[in-house]
Amino acid sequence: MTTTKKLLAIVMSLIMVFGMFTISISADEAVTDGYYEEGEYSIHYTVVPAEGESKGRIMFIHGFLYSGTTWNGMAEIMSAEGYDCYLIDLPNFGYSTRENAETALIEREVLVTNFMKTVAPMDEWIVAGHSMGGGVAMNIACDYPEIEALLLYCPCEIVTNGNSMLTSLATNSFVSGMMDTIFKMFLGNDLIVKAAVYMTTGDMEYAKNYDASLLADPLMIPGTGAGMLFASANARNTDYEAVAALEMPVFLVWADGDNVLSAENCENISNALAGKETATVEGSHIVIETDPATLSTLTLEFLAK
């Protein structure tokens, strides 16, 4: 009897281990990481597929300094609610190509939309943007008015195109090397990263538990600092006349504790999107990270209309 019990215990243990292994493999297969290649660019992306029958697909575009991982919380919720979620790293951020003076430039809006077209026609996409990514998302919406909807979370206008000083700094090898050194010096210290997160969010508990590597590791890739300057110098400005003419459903979300965006930025975008659905939530500039549940609930209500 004792031998039988031992055998049963061993079998049950093996079943549990195999079950855990199967779940792990399934989870890995469900979330896909890949690269979209065009010209000299390798654009990193992650796909979090819908659970069950798909209700649509969303392209999520991150803000300055961040990467597609900033959307992890919302993607988890939105995919569970039936949406295929695509989290992309713009050039110079995350694990995508770093640009420099030798790069054969392709606009980031073009890179993103060309990738989208390899997946589905543009009229089958919802485009979401946060901060700088909101500016990119607005540009894409102006280029492709047939998209299903535009979701903007604390969006930032883009007004740097043609800035000769930025171009000069981005092409200066000394500045490039110095920025890489500074990034490694400060971002290699978790306490400094978490202090910066606290200054942005005002949430000590969130900052204390923040995974600093998600933000810091990509920023320490060589060429990141110069690439950011290069991207800013060559970014396409926000065309407010075109934004005001958008006819697709637009959901605009502001955070009441945002200490990053200027009042002028918010006013300009709000005026251009007057008449579109708008919400203000409690939180900081990176409320997409600190409170994805609230934003997802509001977004799902908007998309259901």
# chains A, B, ... in the order shown; residues from 1 in each chain; ligands from 1
$ select_by_dssp --residues "stretch 148-264 of chain A" --states "strand (DSSP E or B)" --output "number ranges by chain"
A: 149-153, 250-255
$ residues_around --residues "A:Trp125" --least-positions-apart "5" --cutoff "6 Å" --atoms "only C-alpha atoms" --output "PyMOL selection string"
chain A and resi 57-58+147-148
$ closest_residue --among "A:Ala101, A:Leu295, A:Leu150, A:Ile288" --to "A:Gly223" --atoms "only C-alpha atoms"
A:Ala101
$ residues_around --residues "stretch 60-71 of chain A" --least-positions-apart "2" --cutoff "6 Å" --atoms "only C-alpha atoms" --output "short mmCIF file (atom, residue, chain, number, x, y, z; two decimals) with C-alpha atoms, in the first residue's frame"
data_model
loop_
_atom_site.label_atom_id
_atom_site.label_comp_id
_atom_site.auth_asym_id
_atom_site.auth_seq_id
_atom_site.Cartn_x
_atom_site.Cartn_y
_atom_site.Cartn_z
CA GLY A 73 -0.78 46.48 -18.26
CA MET A 74 -3.32 47.74 -20.77
CA ALA A 75 -2.42 45.05 -23.30
CA TYR A 86 0.56 45.26 -30.95
CA LEU A 87 3.23 47.01 -28.87
CA ILE A 88 5.87 48.63 -31.05
CA ASP A 89 9.25 50.18 -30.23
CA PHE A 93 13.74 53.35 -28.29
CA GLY A 94 13.25 49.89 -26.86
CA ALA A 128 -3.37 54.30 -29.65
CA GLY A 129 -0.65 56.70 -28.55
CA HIS A 130 0.77 57.98 -25.28
CA SER A 131 2.70 61.25 -24.88
CA MET A 132 5.11 61.51 -27.86
CA GLY A 133 3.41 58.43 -29.24
#
$ atom_distance --atom1 "atom CA of A:Ala304" --atom2 "atom CA of A:Val250"
12.9 Å
$ atom_distance --atom1 "atom CA of A:Tyr35" --atom2 "atom CA of A:Phe115"
9.6 Å
$ decode --residues "stretch 109-121 of chain A" --atoms "N, CA and C atoms" --output "compact mmCIF listing (two decimals), in the first residue's frame"
# COMPACT_ATOMS: atom_id res chain seq x y z
N GLU A 109 6.37 57.38 -38.70
CA GLU A 109 4.97 57.11 -39.07
C GLU A 109 4.90 56.12 -40.22
N VAL A 110 5.81 56.27 -41.18
CA VAL A 110 5.84 55.38 -42.34
C VAL A 110 6.24 53.96 -41.92
N LEU A 111 7.23 53.85 -41.05
CA LEU A 111 7.67 52.54 -40.57
C LEU A 111 6.53 51.81 -39.85
N VAL A 112 5.84 52.54 -38.98
CA VAL A 112 4.76 51.93 -38.21
C VAL A 112 3.63 51.48 -39.14
N THR A 113 3.21 52.36 -40.04
CA THR A 113 2.07 52.02 -40.91
C THR A 113 2.43 50.95 -41.94
N ASN A 114 3.66 50.94 -42.42
CA ASN A 114 4.06 49.89 -43.35
C ASN A 114 4.05 48.52 -42.65
N PHE A 115 4.46 48.51 -41.38
CA PHE A 115 4.35 47.27 -40.62
C PHE A 115 2.88 46.88 -40.45
N MET A 116 2.04 47.84 -40.09
CA MET A 116 0.62 47.55 -39.90
C MET A 116 0.01 46.93 -41.15
N LYS A 117 0.40 47.45 -42.31
CA LYS A 117 -0.15 46.95 -43.57
C LYS A 117 0.26 45.51 -43.85
N THR A 118 1.37 45.06 -43.27
CA THR A 118 1.76 43.66 -43.47
C THR A 118 0.86 42.72 -42.67
N VAL A 119 0.13 43.28 -41.71
CA VAL A 119 -0.75 42.48 -40.86
C VAL A 119 -2.19 42.54 -41.35
N ALA A 120 -2.67 43.75 -41.65
CA ALA A 120 -4.07 43.93 -42.06
C ALA A 120 -4.22 45.29 -42.73
N PRO A 121 -5.29 45.49 -43.52
CA PRO A 121 -5.55 46.81 -44.11
C PRO A 121 -5.71 47.86 -43.02
